[in-house]
$ cat structure-v1.cif   # mmCIF, C-alpha atoms
data_work
#
loop_
_atom_site.label_atom_id
_atom_site.label_comp_id
_atom_site.auth_asym_id
_atom_site.auth_seq_id
_atom_site.Cartn_x
_atom_site.Cartn_y
_atom_site.Cartn_z
CA MET A 275 -5.85 39.82 23.74
CA ALA A 276 -2.90 37.59 22.97
CA ARG A 277 -4.93 34.40 23.14
CA PRO A 278 -7.27 35.06 20.17
CA ARG A 279 -4.31 36.25 18.07
CA ARG A 280 -2.48 32.97 18.81
CA SER A 281 -5.60 30.95 17.95
CA ARG A 282 -6.13 32.88 14.74
CA ARG A 283 -2.52 32.22 13.70
CA THR A 284 -2.92 28.52 14.46
CA LEU A 285 -6.14 28.38 12.48
CA THR A 286 -4.53 30.22 9.59
CA VAL A 287 -1.64 27.74 9.52
CA VAL A 288 -4.00 24.78 9.55
CA VAL A 289 -6.35 26.20 6.91
CA VAL A 290 -3.40 26.98 4.64
CA LEU A 291 -1.97 23.47 5.06
CA VAL A 292 -5.36 21.87 4.40
CA LEU A 293 -5.84 24.00 1.27
CA VAL A 294 -2.33 23.17 0.04
CA SER A 295 -3.02 19.46 0.61
CA ILE A 296 -6.30 19.67 -1.31
CA ALA A 297 -4.57 21.59 -4.12
CA ILE A 298 -1.85 18.91 -4.35
CA ILE A 299 -4.46 16.15 -4.46
CA THR A 300 -6.48 17.99 -7.12
CA ILE A 301 -3.45 18.62 -9.33
CA ASP A 302 -2.42 14.98 -8.98
CA GLU A 303 -5.91 13.67 -9.75
CA ARG A 304 -6.40 15.98 -12.73
CA GLY A 305 -3.46 14.51 -14.57
CA GLY A 306 -0.79 16.74 -13.17
CA SER A 307 0.76 13.58 -11.85
CA ARG A 308 3.94 14.46 -13.74
CA VAL A 309 4.94 16.66 -10.81
CA SER A 310 4.17 14.02 -8.21
CA SER A 311 5.77 11.39 -10.44
CA ASP A 312 8.97 13.43 -10.67
CA LEU A 313 8.98 13.95 -6.90
CA ARG A 314 8.41 10.26 -6.28
CA ASN A 315 11.13 9.43 -8.79
CA ALA A 316 13.58 11.75 -7.03
CA ALA A 317 12.63 10.38 -3.61
CA SER A 318 13.03 6.84 -4.88
CA ARG A 319 16.49 7.58 -6.27
CA VAL A 320 17.67 9.37 -3.14
CA PHE A 321 16.15 7.00 -0.64
CA ALA A 322 16.79 3.62 -2.31
CA PRO A 323 20.49 3.34 -1.39
CA ILE A 324 19.83 4.62 2.15
CA ARG A 325 17.02 2.15 2.60
CA LYS A 326 19.12 -0.69 1.20
CA GLY A 327 22.01 0.10 3.55
CA VAL A 328 19.81 0.34 6.62
CA ASP A 329 17.71 -2.58 5.47
CA ASP A 330 20.77 -4.83 5.22
CA VAL A 331 21.55 -4.05 8.83
CA LEU A 332 18.04 -3.97 10.29
CA ARG A 333 16.17 -6.58 8.25
CA PRO A 334 17.36 -9.50 10.41
CA ILE A 335 15.99 -7.68 13.48
CA GLY A 336 12.68 -6.99 11.74
CA ASN A 337 12.50 -10.59 10.58
CA PHE A 338 13.12 -11.79 14.13
CA PHE A 339 10.19 -9.82 15.50
CA ALA A 340 8.01 -10.64 12.50
CA GLY A 341 8.78 -14.33 12.97
CA ALA A 342 8.01 -14.16 16.68
CA VAL A 343 4.74 -12.32 16.12
CA ASN A 344 3.67 -14.44 13.16
CA TYR A 345 4.78 -17.88 14.38
CA GLY A 346 1.23 -19.24 14.46
CA SER A 347 0.34 -17.96 11.03
CA VAL A 348 3.64 -19.26 9.60
CA ALA A 349 2.82 -22.77 10.82
CA GLN A 350 -0.68 -22.41 9.38
CA GLU A 351 0.69 -21.12 6.10
CA ASN A 352 3.05 -24.07 5.90
CA ALA A 353 0.12 -26.46 6.21
CA LYS A 354 -1.78 -24.53 3.55
CA LEU A 355 1.24 -24.63 1.24
CA GLN A 356 1.47 -28.39 1.61
CA ALA A 357 -2.16 -28.65 0.56
CA THR A 358 -1.60 -26.23 -2.31
CA LEU A 359 1.38 -28.23 -3.50
CA GLY A 360 -0.74 -31.33 -3.78
CA ARG A 361 -3.43 -29.45 -5.65
CA LEU A 362 -0.91 -27.93 -8.03
CA ARG A 363 0.53 -31.34 -8.84
CA GLN A 364 -2.93 -32.42 -9.83
CA GLN A 365 -3.50 -29.27 -11.84
CA GLN A 366 -0.20 -29.59 -13.64
CA ALA A 367 -1.51 -32.41 -15.76
CA GLU A 368 -4.77 -30.58 -16.46
CA GLN A 369 -2.95 -27.39 -17.34
CA ALA A 370 -0.85 -29.09 -19.95
CA TYR A 371 -4.02 -30.00 -21.79
CA GLU A 372 -5.47 -26.49 -21.50
CA GLN A 373 -2.22 -24.86 -22.57
CA ARG A 374 -2.23 -27.06 -25.68
CA GLN A 375 -5.78 -25.97 -26.43
CA LEU A 376 -4.91 -22.33 -25.89
CA ARG A 377 -1.92 -22.49 -28.20
CA GLN A 378 -4.09 -23.99 -30.90
CA MET A 379 -6.72 -21.29 -30.48
CA ALA A 380 -4.17 -18.50 -30.40
CA ALA A 381 -2.45 -19.84 -33.49
CA LEU A 382 -5.77 -19.66 -35.28
CA LEU A 383 -6.28 -16.09 -34.13
CA HIS A 384 -2.67 -15.08 -34.87
CA LEU A 385 -2.24 -13.88 -31.32
CA SER A 386 1.06 -13.51 -29.55
CA TYR A 387 2.30 -15.63 -26.66
CA LEU A 388 4.13 -14.58 -23.58
CA GLY A 389 6.91 -16.90 -24.73
CA SER A 390 7.64 -14.66 -27.68
CA LEU A 391 7.66 -11.50 -25.59
CA GLN A 392 10.76 -10.09 -23.94
CA THR A 393 10.93 -9.87 -20.18
CA VAL A 394 13.11 -8.12 -17.63
CA THR A 395 13.80 -9.89 -14.36
CA ALA A 396 13.52 -7.66 -11.31
CA GLN A 397 14.02 -8.11 -7.61
CA THR A 398 11.27 -7.17 -5.18
CA VAL A 399 12.50 -4.49 -2.79
CA THR A 400 9.30 -3.57 -0.94
CA VAL A 401 5.99 -5.31 -0.31
CA ASN A 402 2.71 -3.55 0.47
CA VAL A 403 4.15 -0.16 1.44
CA SER A 404 0.59 0.90 2.27
CA ASN A 405 -2.02 -0.98 4.26
CA PHE A 406 -4.57 0.08 1.65
CA VAL A 407 -2.81 -0.79 -1.61
CA ALA A 408 -1.61 -4.29 -2.55
CA SER A 409 1.65 -3.53 -4.31
CA ILE A 410 5.32 -4.37 -4.58
CA GLY A 411 8.32 -2.22 -5.41
CA ILE A 412 10.88 -3.62 -7.86
CA ASP A 413 14.46 -2.61 -8.62
CA LYS A 414 14.02 -2.13 -12.38
CA GLY A 415 12.69 1.01 -14.02
CA THR A 416 12.46 2.99 -17.23
CA ALA A 417 16.24 2.68 -17.71
CA ASP A 418 15.66 -1.07 -18.13
CA GLY A 419 12.71 -0.70 -20.51
CA VAL A 420 9.99 -0.89 -17.87
CA ALA A 421 6.98 1.34 -18.63
CA LEU A 422 3.55 2.08 -17.21
CA GLY A 423 0.95 -0.61 -17.77
CA MET A 424 3.37 -3.47 -18.40
CA PRO A 425 2.28 -6.85 -17.03
CA VAL A 426 4.38 -8.51 -14.35
CA VAL A 427 4.54 -12.28 -14.00
CA GLY A 428 6.24 -14.69 -11.66
CA ALA A 429 5.77 -17.56 -9.23
CA GLY A 430 3.34 -19.36 -11.53
CA GLY A 431 1.27 -16.67 -13.24
CA LEU A 432 0.24 -13.05 -13.50
CA VAL A 433 1.39 -10.95 -10.55
CA GLY A 434 0.07 -7.53 -11.54
CA GLN A 435 0.75 -4.41 -13.55
CA VAL A 436 3.28 -1.57 -13.42
CA VAL A 437 1.51 1.55 -12.08
CA GLN A 438 4.55 3.74 -11.36
CA ALA A 439 7.74 3.63 -13.39
CA PHE A 440 10.80 5.55 -12.21
CA ARG A 441 14.33 5.56 -13.63
CA HIS A 442 15.67 2.64 -11.58
CA SER A 443 12.59 1.33 -9.82
CA ALA A 444 8.90 0.73 -10.34
CA THR A 445 5.73 -0.02 -8.42
CA VAL A 446 3.55 -2.97 -9.35
CA ARG A 447 -0.13 -3.12 -8.39
CA LEU A 448 -0.84 -6.70 -7.42
CA LEU A 449 -3.66 -8.76 -8.84
CA THR A 450 -5.36 -8.79 -5.43
CA ASP A 451 -5.53 -4.99 -5.14
CA GLY A 452 -9.04 -3.56 -5.09
CA ARG A 453 -8.42 -1.58 -8.29
CA SER A 454 -7.10 -4.53 -10.28
CA LYS A 455 -9.30 -5.80 -13.13
CA VAL A 456 -8.12 -8.41 -15.64
CA GLY A 457 -10.05 -9.64 -18.68
CA VAL A 458 -9.84 -13.42 -18.83
CA SER A 459 -11.11 -16.33 -20.88
CA PHE A 460 -11.48 -20.00 -20.00
CA GLY A 461 -12.96 -23.31 -21.02
CA ARG A 462 -13.60 -24.94 -24.34
CA HIS A 463 -15.76 -22.08 -25.57
CA ALA A 464 -13.32 -19.38 -24.44
CA THR A 465 -15.87 -17.83 -22.09
CA GLN A 466 -14.98 -14.23 -21.29
CA ALA A 467 -14.96 -12.85 -17.74
CA VAL A 468 -13.28 -10.24 -15.55
CA VAL A 469 -11.14 -11.06 -12.53
CA ASN A 470 -11.40 -8.40 -9.82
CA GLY A 471 -9.06 -7.88 -6.89
CA GLU A 472 -10.79 -7.70 -3.52
CA GLY A 473 -7.92 -6.51 -1.37
CA SER A 474 -4.65 -7.94 -0.15
CA GLY A 475 -5.04 -11.47 1.20
CA ASP A 476 -8.61 -11.88 -0.02
CA PRO A 477 -9.61 -14.22 -2.86
CA LEU A 478 -10.42 -12.84 -6.31
CA ALA A 479 -13.95 -12.33 -7.63
CA VAL A 480 -14.72 -13.44 -11.18
CA ASP A 481 -17.49 -11.35 -12.73
CA PHE A 482 -19.67 -11.63 -15.85
CA VAL A 483 -19.71 -15.42 -16.02
CA PRO A 484 -23.10 -16.28 -17.58
CA PRO A 485 -25.31 -18.68 -15.57
CA GLY A 486 -24.93 -22.27 -16.65
CA THR A 487 -21.37 -21.87 -17.92
CA PRO A 488 -19.52 -25.19 -17.62
CA MET A 489 -17.13 -24.71 -14.72
CA ARG A 490 -15.04 -26.83 -12.38
CA LYS A 491 -12.87 -26.25 -9.34
CA GLY A 492 -9.27 -25.69 -10.36
CA GLN A 493 -10.31 -24.25 -13.74
CA VAL A 494 -7.52 -21.97 -14.89
CA LEU A 495 -8.35 -18.48 -16.18
CA PHE A 496 -6.02 -16.89 -18.75
CA THR A 497 -5.68 -13.30 -19.91
CA ASN A 498 -7.88 -12.95 -23.00
CA GLY A 499 -5.78 -10.45 -24.97
CA LEU A 500 -8.84 -8.92 -26.60
CA ALA A 501 -8.46 -5.68 -28.55
CA GLY A 502 -7.68 -2.88 -26.11
CA ALA A 503 -6.88 -5.33 -23.33
CA GLU A 504 -4.33 -4.35 -20.72
CA TYR A 505 -2.53 -7.71 -20.92
CA PRO A 506 -1.31 -9.95 -23.74
CA ASN A 507 -3.22 -13.18 -24.07
CA GLY A 508 -2.30 -16.50 -22.57
CA ILE A 509 -0.96 -15.52 -19.14
CA PRO A 510 -2.37 -17.76 -16.38
CA VAL A 511 -4.18 -15.46 -13.95
CA ALA A 512 -6.13 -17.50 -11.40
CA PHE A 513 -7.77 -20.82 -10.68
CA VAL A 514 -11.37 -21.28 -9.58
CA THR A 515 -11.85 -22.30 -5.95
CA SER A 516 -15.64 -22.16 -5.78
CA TYR A 517 -18.60 -21.36 -7.98
CA ASP A 518 -22.34 -21.16 -7.59
CA THR A 519 -25.39 -20.09 -9.53
CA VAL A 520 -28.04 -18.29 -7.55
CA PRO A 521 -31.47 -18.82 -9.16
CA GLY A 522 -32.50 -15.70 -11.04
CA ALA A 523 -29.04 -14.11 -10.89
CA SER A 524 -27.64 -12.61 -14.07
CA GLN A 525 -24.23 -14.13 -13.48
CA MET A 526 -22.52 -16.93 -11.59
CA THR A 527 -20.76 -16.30 -8.30
CA VAL A 528 -17.20 -17.41 -8.93
CA VAL A 529 -14.28 -17.12 -6.53
CA ALA A 530 -10.68 -17.70 -7.55
CA GLN A 531 -7.13 -17.62 -6.20
CA PRO A 532 -4.15 -16.12 -8.03
CA MET A 533 -2.01 -18.66 -9.89
CA ALA A 534 1.08 -16.79 -8.73
CA ASN A 535 2.09 -17.17 -5.13
CA LEU A 536 1.92 -13.51 -4.14
CA HIS A 537 3.62 -14.25 -0.82
CA GLN A 538 6.81 -15.43 -2.52
CA LEU A 539 7.79 -12.68 -4.92
CA THR A 540 11.51 -12.31 -4.41
CA TYR A 541 11.98 -12.10 -8.17
CA VAL A 542 9.44 -11.24 -10.87
CA ASP A 543 9.52 -10.77 -14.64
CA VAL A 544 8.26 -7.57 -16.23
CA VAL A 545 6.81 -8.39 -19.65
CA LEU A 546 7.97 -5.71 -22.09
CA TRP A 547 4.51 -5.34 -23.60
CA GLU A 548 2.54 -2.12 -23.42
CA PRO A 549 -1.23 -1.94 -23.71
CA ALA A 550 -2.58 -0.11 -26.73
CA PRO A 551 -3.12 3.59 -25.91
CA MET B 22 11.87 27.78 15.01
CA THR B 23 15.63 28.05 14.61
CA GLY B 24 17.73 26.36 11.93
CA GLY B 25 18.75 23.82 14.54
CA ASP B 26 15.10 23.01 15.30
CA VAL B 27 14.40 22.48 11.61
CA ALA B 28 17.46 20.24 11.22
CA ARG B 29 16.51 18.17 14.28
CA THR B 30 12.89 17.89 13.10
CA GLY B 31 14.08 16.78 9.64
CA LEU B 32 16.29 14.19 11.30
CA VAL B 33 13.34 12.85 13.31
CA VAL B 34 11.17 12.60 10.17
CA LEU B 35 14.00 10.79 8.35
CA LEU B 36 14.45 8.42 11.28
CA PHE B 37 10.74 7.57 11.31
CA LEU B 38 10.79 7.11 7.54
CA LEU B 39 13.69 4.68 7.82
CA VAL B 40 11.97 2.74 10.59
CA GLN B 41 8.77 2.61 8.53
CA GLN B 42 10.46 1.49 5.31
CA THR B 43 12.73 -1.09 6.89
CA ILE B 44 11.38 -2.57 10.13
CA ALA B 45 7.68 -1.64 10.17
CA LEU B 46 6.96 -2.99 6.68
CA ASN B 47 8.35 -6.37 7.76
CA ILE B 48 6.07 -6.64 10.79
CA VAL B 49 2.81 -7.85 9.30
CA VAL B 50 0.04 -8.95 11.64
CA ALA B 51 -3.33 -10.02 10.22
CA GLY B 52 -2.28 -8.55 6.87
CA ALA B 53 -1.53 -5.09 8.27
CA HIS B 54 1.70 -3.37 9.25
CA PRO B 55 2.42 -0.44 11.60
CA ASP B 56 2.41 3.13 10.27
CA VAL B 57 4.88 5.02 12.44
CA LEU B 58 4.86 8.17 10.29
CA LEU B 59 1.28 8.66 11.46
CA LEU B 60 2.58 8.87 15.01
CA LEU B 61 4.58 12.04 14.33
CA PRO B 62 1.69 14.55 14.06
CA ILE B 63 0.00 12.91 17.05
CA VAL B 64 2.93 13.28 19.44
CA THR B 65 3.81 16.70 18.00
CA GLY B 66 0.24 17.86 18.56
CA LEU B 67 0.50 16.61 22.16
CA GLY B 68 3.93 18.00 22.89
CA ALA B 69 4.02 21.15 20.79
CA GLY B 70 0.45 22.23 20.18
CA PRO B 71 -1.97 22.26 17.24
CA ALA B 72 -0.06 24.47 14.78
CA ARG B 73 3.15 22.47 15.02
CA GLY B 74 1.13 19.24 15.07
CA ALA B 75 -0.54 20.25 11.81
CA ALA B 76 2.76 21.31 10.25
CA MET B 77 4.42 18.05 11.27
CA GLY B 78 1.42 16.13 9.93
CA PHE B 79 1.71 17.88 6.59
CA ALA B 80 5.47 17.27 6.35
CA ALA B 81 5.34 13.62 7.46
CA GLY B 82 2.32 13.04 5.19
CA ILE B 83 4.04 14.44 2.11
CA VAL B 84 7.06 12.25 2.86
CA ALA B 85 4.78 9.21 3.25
CA ASP B 86 2.97 10.05 0.00
CA LEU B 87 6.27 9.92 -1.89
CA PHE B 88 6.49 6.19 -1.28
CA VAL B 89 2.87 5.05 -1.57
CA PRO B 90 0.97 4.42 -4.84
CA ALA B 91 -2.10 6.32 -3.66
CA PRO B 92 -3.44 9.86 -4.26
CA PHE B 93 -0.55 12.27 -3.68
CA GLY B 94 -1.33 14.63 -0.81
CA LEU B 95 -3.87 12.39 0.92
CA SER B 96 -1.55 11.43 3.80
CA ALA B 97 -0.56 15.10 4.12
CA LEU B 98 -4.21 16.13 4.46
CA VAL B 99 -4.92 13.43 7.05
CA GLY B 100 -1.71 14.23 8.96
CA THR B 101 -2.54 17.94 9.06
CA LEU B 102 -6.04 17.32 10.41
CA VAL B 103 -4.89 14.76 12.97
CA GLY B 104 -2.02 16.89 14.26
CA PHE B 105 -4.32 19.87 14.63
CA ALA B 106 -7.11 17.86 16.25
CA VAL B 107 -4.83 16.21 18.83
CA GLY B 108 -3.15 19.51 19.69
CA SER B 109 -6.50 21.27 20.04
CA LEU B 110 -8.51 18.61 21.85
CA VAL B 111 -6.00 17.12 24.29
CA ASN B 112 -4.81 19.28 27.12
CA TYR B 113 -1.50 17.52 27.75
CA SER B 114 1.23 18.68 30.10
CA SER B 115 4.32 17.07 31.56
CA ARG B 116 2.29 16.41 34.74
CA SER B 117 -0.36 14.36 32.91
CA PRO B 118 -0.63 10.63 33.82
CA TRP B 119 1.74 8.38 31.80
CA TRP B 120 -1.10 6.57 30.02
CA VAL B 121 -2.45 9.72 28.35
CA VAL B 122 0.16 9.63 25.58
CA PRO B 123 -0.34 5.95 24.57
CA GLY B 124 -4.10 6.36 24.94
CA VAL B 125 -4.19 9.38 22.65
CA ALA B 126 -1.83 7.68 20.19
CA LEU B 127 -4.13 4.64 20.02
CA THR B 128 -7.31 6.66 19.59
CA ALA B 129 -5.90 9.22 17.16
CA SER B 130 -4.22 6.52 15.05
CA ALA B 131 -7.51 4.66 14.76
CA ALA B 132 -9.30 7.85 13.77
CA ALA B 133 -6.58 8.72 11.24
CA VAL B 134 -6.78 5.30 9.59
CA MET B 135 -10.55 5.60 9.24
CA LEU B 136 -10.25 9.15 7.93
CA TYR B 137 -7.65 8.05 5.37
CA ALA B 138 -9.93 5.26 4.16
CA VAL B 139 -12.99 7.51 3.90
CA LEU B 140 -11.16 10.38 2.16
CA GLY B 141 -9.52 7.86 -0.18
CA ALA B 142 -12.94 6.48 -1.09
CA VAL B 143 -14.21 10.01 -1.72
CA LEU B 144 -11.28 10.49 -4.12
CA GLY B 145 -12.25 7.39 -6.09
CA GLU B 146 -10.27 4.75 -4.19
CA GLU B 147 -13.37 2.82 -3.09
CA GLN B 148 -11.24 -0.23 -2.38
CA PHE B 149 -9.82 1.56 0.67
CA LEU B 150 -13.13 0.89 2.42
CA ARG B 151 -12.98 -2.79 1.43
CA ALA B 152 -9.64 -3.24 3.22
CA ASP B 153 -9.64 -5.02 6.57
CA LEU B 154 -10.06 -1.79 8.50
CA ALA B 155 -10.38 -3.50 11.89
CA ALA B 156 -6.99 -5.19 11.48
CA ILE B 157 -5.33 -2.01 10.19
CA VAL B 158 -6.79 0.11 13.00
CA LEU B 159 -5.68 -2.42 15.61
CA VAL B 160 -2.15 -2.93 14.30
CA VAL B 161 -1.46 0.75 13.61
CA GLY B 162 -3.07 1.87 16.86
CA VAL B 163 -1.29 -0.63 19.13
CA ALA B 164 2.10 -0.11 17.47
CA ASN B 165 1.79 3.66 17.76
CA ALA B 166 0.66 3.41 21.37
CA LEU B 167 3.73 1.33 22.21
CA LEU B 168 6.06 3.77 20.47
CA SER B 169 4.34 6.95 21.60
CA LEU B 170 6.40 7.76 24.72
CA PRO B 171 9.85 7.55 23.07
CA ALA B 172 8.41 9.33 20.02
CA LEU B 173 7.15 12.18 22.20
CA ARG B 174 10.62 12.54 23.77
CA LEU B 175 12.18 12.69 20.31
CA VAL B 176 9.74 15.35 19.14
CA ILE B 177 10.27 17.45 22.28
CA TRP B 178 14.03 17.16 21.70
CA SER B 179 13.63 18.14 18.05
CA PHE B 180 11.78 21.33 18.97
CA GLY B 181 14.38 22.18 21.60
CA VAL B 182 12.05 22.38 24.56
CA ASN B 183 13.46 23.25 27.95
CA ARG B 184 12.26 20.34 30.09
CA GLU B 185 11.99 22.45 33.20
CA ARG B 186 9.28 24.49 31.52
CA GLY B 187 7.38 21.38 30.43
CA THR B 188 6.35 20.71 26.88
CA LEU B 189 5.92 23.24 24.14
CA ALA B 190 2.18 22.73 24.31
CA ALA B 191 2.09 24.84 27.41
CA VAL B 192 4.11 27.51 25.64
CA GLY B 193 2.04 27.27 22.45
CA ARG B 194 -1.28 27.66 24.24
CA ARG B 195 -0.34 30.76 26.20
#

$ encode --input "structure-v1.cif" --output "structure tokens"
Amino acid sequence: MARPRRSRRTLTVVVVLVLVSIAIITIDERGGSRVSSDLRNAASRVFAPIRKGVDDVLRPIGNFFAGAVNYGSVAQENAKLQATLGRLRQQQAEQAYEQRQLRQMAALLHLSYLGSLQTVTAQTVTVNVSNFVASIGIDKGTADGVALGMPVVGAGGLVGQVVQAFRHSATVRLLTDGRSKVGVSFGRHATQAVVNGEGSGDPLAVDFVPPGTPMRKGQVLFTNGLAGAEYPNGIPVAFVTSYDTVPGASQMTVVAQPMANLHQLTYVDVVLWEPAP
Amino acid sequence: MTGGDVARTGLVVLLFLLVQQTIALNIVVAGAHPDVLLLLPIVTGLGAGPARGAAMGFAAGIVADLFVPAPFGLSALVGTLVGFAVGSLVNYSSRSPWWVVPGVALTASAAAVMLYAVLGAVLGEEQFLRADLAAIVLVVGVANALLSLPALRLVIWSFGVNRERGTLAAVGRR
């Protein structure tokens, strides 16, 4: 008789835990994220100094193993970086022309520039804490003026957007994350499009580009800053790596790479600009 | 469980959290890194039975959720189900062959990663299914298999099991 009682107790424990988990998820998803936000804030404050202390001691060990495991990919990445450097040198000249054009257009539209916006420099403390979310953790938070939705730039262009802001830290969703969507414009006619993240390490997809739109490899896409946009205008987002028009398709197939080097984000700038509510 | 058991279990969770946040995040292979917190419910389910496996899964999952910008409670749900499933399905004892623990860790980790992705997609995080699941499954599974034996010893120590009597699983399934 003891066996069924034990099984019933086990089942009860499991059912209760599953129900509690579902309740927590539901509360969080229904906008009760204040509770989870407070918990995450508290955990971040408590754990940050511990992590930093241990990290200072253990990081060299982790780097040793990471280097040993990733030696092949590091060598490959170095070759890719050399190629990228050459391409960027070529683009530098082209960008100067496009930036000039953009400034002229923005002046006509009385739009703001990133240059006139304040920024806060932050250090990256964690990278991709989840295998499913492309994100970084930074060491600046609400105490430094950082707020939800603020754009983050660095290493040559847009890096992402603040999705969690705690007192002394924040989480930034990277441009490559599957949930990232950025309204962009490009070209002489300021064609509008949307840059979508496709997951960490994957190239970006550029949607809603009408067939026949003049396009070239290396074309730089900038945030469009339209009314209600989540980013101010004029931030370089990505450059086109390939494009194609399938006959009969309603839009071009455009693939792009982030302007910012998302593998080298030791320091980033949080732009103190909040999207309109 | 005594106060000492709770303190030791908390210490083990904290240790795994530290390892995850410091070393594991720096070991990136094919774009994926190990997830050692996922190992806790698996080895607890093996060594201490389904109820404790589920409880450990819930606790480790909640701790993991505190540091991940994803639906809060999702890791707890997955951890609970995995801990319970391993404890219920695997009849492990101290006389089982050595490869059972790494084998179960590999299989259960793979299943947990897939479950996390699917449940995430159900909750509106469709991009979870677009992630390189094969790479994540492989990296998480292999890392957890390699760490499973020392992790099992730690968990058995944290629950204060008398080694002469074998693991708590035997006690829990009486």

$ closest_atom_pairs --input "structure-v1.cif" --of "chain B" --to "chain A" --cutoff "8 Å" --atoms "only C-alpha atoms" --output "JSON lines"
{"residue": "B:Leu39", "atom": "CA", "partner": "A:Arg325", "partner_atom": "CA", "distance": 6.7}
{"residue": "B:Gln42", "atom": "CA", "partner": "A:Arg325", "partner_atom": "CA", "distance": 7.1}
{"residue": "B:Thr43", "atom": "CA", "partner": "A:Asp329", "partner_atom": "CA", "distance": 5.4}
{"residue": "B:Ile44", "atom": "CA", "partner": "A:Gly336", "partner_atom": "CA", "distance": 4.9}
{"residue": "B:Ala45", "atom": "CA", "partner": "A:Gly336", "partner_atom": "CA", "distance": 7.5}
{"residue": "B:Leu46", "atom": "CA", "partner": "A:Val403", "partner_atom": "CA", "distance": 6.6}
{"residue": "B:Asn47", "atom": "CA", "partner": "A:Gly336", "partner_atom": "CA", "distance": 5.9}
{"residue": "B:Ile48", "atom": "CA", "partner": "A:Ala340", "partner_atom": "CA", "distance": 4.8}
{"residue": "B:Val49", "atom": "CA", "partner": "A:Ala340", "partner_atom": "CA", "distance": 6.7}
{"residue": "B:Val50", "atom": "CA", "partner": "A:Asn344", "partner_atom": "CA", "distance": 6.8}
{"residue": "B:Gly52", "atom": "CA", "partner": "A:Gly475", "partner_atom": "CA", "distance": 6.9}
{"residue": "B:Ala53", "atom": "CA", "partner": "A:Asn405", "partner_atom": "CA", "distance": 5.8}
{"residue": "B:His54", "atom": "CA", "partner": "A:Asn405", "partner_atom": "CA", "distance": 6.7}
{"residue": "B:Pro71", "atom": "CA", "partner": "A:Thr284", "partner_atom": "CA", "distance": 6.9}
{"residue": "B:Ala72", "atom": "CA", "partner": "A:Thr284", "partner_atom": "CA", "distance": 5.0}
{"residue": "B:Ala75", "atom": "CA", "partner": "A:Val288", "partner_atom": "CA", "distance": 6.1}
{"residue": "B:Ala76", "atom": "CA", "partner": "A:Leu291", "partner_atom": "CA", "distance": 7.3}
{"residue": "B:Phe79", "atom": "CA", "partner": "A:Leu291", "partner_atom": "CA", "distance": 6.9}
{"residue": "B:Leu87", "atom": "CA", "partner": "A:Arg314", "partner_atom": "CA", "distance": 4.9}
{"residue": "B:Phe88", "atom": "CA", "partner": "A:Arg314", "partner_atom": "CA", "distance": 6.7}
{"residue": "B:Val89", "atom": "CA", "partner": "A:Ser404", "partner_atom": "CA", "distance": 6.1}
{"residue": "B:Pro90", "atom": "CA", "partner": "A:Val407", "partner_atom": "CA", "distance": 7.2}
{"residue": "B:Ala91", "atom": "CA", "partner": "A:Val407", "partner_atom": "CA", "distance": 7.4}
{"residue": "B:Pro92", "atom": "CA", "partner": "A:Ile299", "partner_atom": "CA", "distance": 6.4}
{"residue": "B:Phe93", "atom": "CA", "partner": "A:Ile299", "partner_atom": "CA", "distance": 5.6}
{"residue": "B:Gly94", "atom": "CA", "partner": "A:Ile299", "partner_atom": "CA", "distance": 5.0}
{"residue": "B:Leu95", "atom": "CA", "partner": "A:Ile299", "partner_atom": "CA", "distance": 6.6}
{"residue": "B:Ala97", "atom": "CA", "partner": "A:Ser295", "partner_atom": "CA", "distance": 6.1}
{"residue": "B:Leu98", "atom": "CA", "partner": "A:Ser295", "partner_atom": "CA", "distance": 5.2}
{"residue": "B:Thr101", "atom": "CA", "partner": "A:Val292", "partner_atom": "CA", "distance": 6.7}
{"residue": "B:Leu102", "atom": "CA", "partner": "A:Val292", "partner_atom": "CA", "distance": 7.6}
{"residue": "B:Phe105", "atom": "CA", "partner": "A:Val288", "partner_atom": "CA", "distance": 7.1}
{"residue": "B:Ala138", "atom": "CA", "partner": "A:Phe406", "partner_atom": "CA", "distance": 7.9}
{"residue": "B:Glu146", "atom": "CA", "partner": "A:Arg453", "partner_atom": "CA", "distance": 7.8}
{"residue": "B:Glu147", "atom": "CA", "partner": "A:Gly452", "partner_atom": "CA", "distance": 8.0}
{"residue": "B:Gln148", "atom": "CA", "partner": "A:Gly452", "partner_atom": "CA", "distance": 4.8}
{"residue": "B:Phe149", "atom": "CA", "partner": "A:Phe406", "partner_atom": "CA", "distance": 5.5}
{"residue": "B:Arg151", "atom": "CA", "partner": "A:Gly473", "partner_atom": "CA", "distance": 6.9}
{"residue": "B:Ala152", "atom": "CA", "partner": "A:Gly473", "partner_atom": "CA", "distance": 5.9}
{"residue": "B:Ile157", "atom": "CA", "partner": "A:Asn405", "partner_atom": "CA", "distance": 6.9}
{"residue": "B:Arg194", "atom": "CA", "partner": "A:Arg280", "partner_atom": "CA", "distance": 7.7}
{"residue": "B:Arg195", "atom": "CA", "partner": "A:Arg277", "partner_atom": "CA", "distance": 6.6}

$ resolve_selection --input "structure-v1.cif" --expression "the PyMOL selection byres ((chain B and resi 65) around 8)" --output "list in words"
Leu61, Pro62, Ile63, Val64, Gly66, Leu67, Gly68, Ala69, Gly70, Arg73, Gly74, Met77, Gly104, Gly108, Leu173, Val176 and Ile177 of chain B

$ axis_aligned_box --input "structure-v1.cif" --around "range 437-444 of chain A" --padding-each-side "4 Å" --output "AutoDock Vina command-line options"
--center_x 8.6 --center_y 3.1 --center_z -11.7 --size_x 22.2 --size_y 12.8 --size_z 11.8
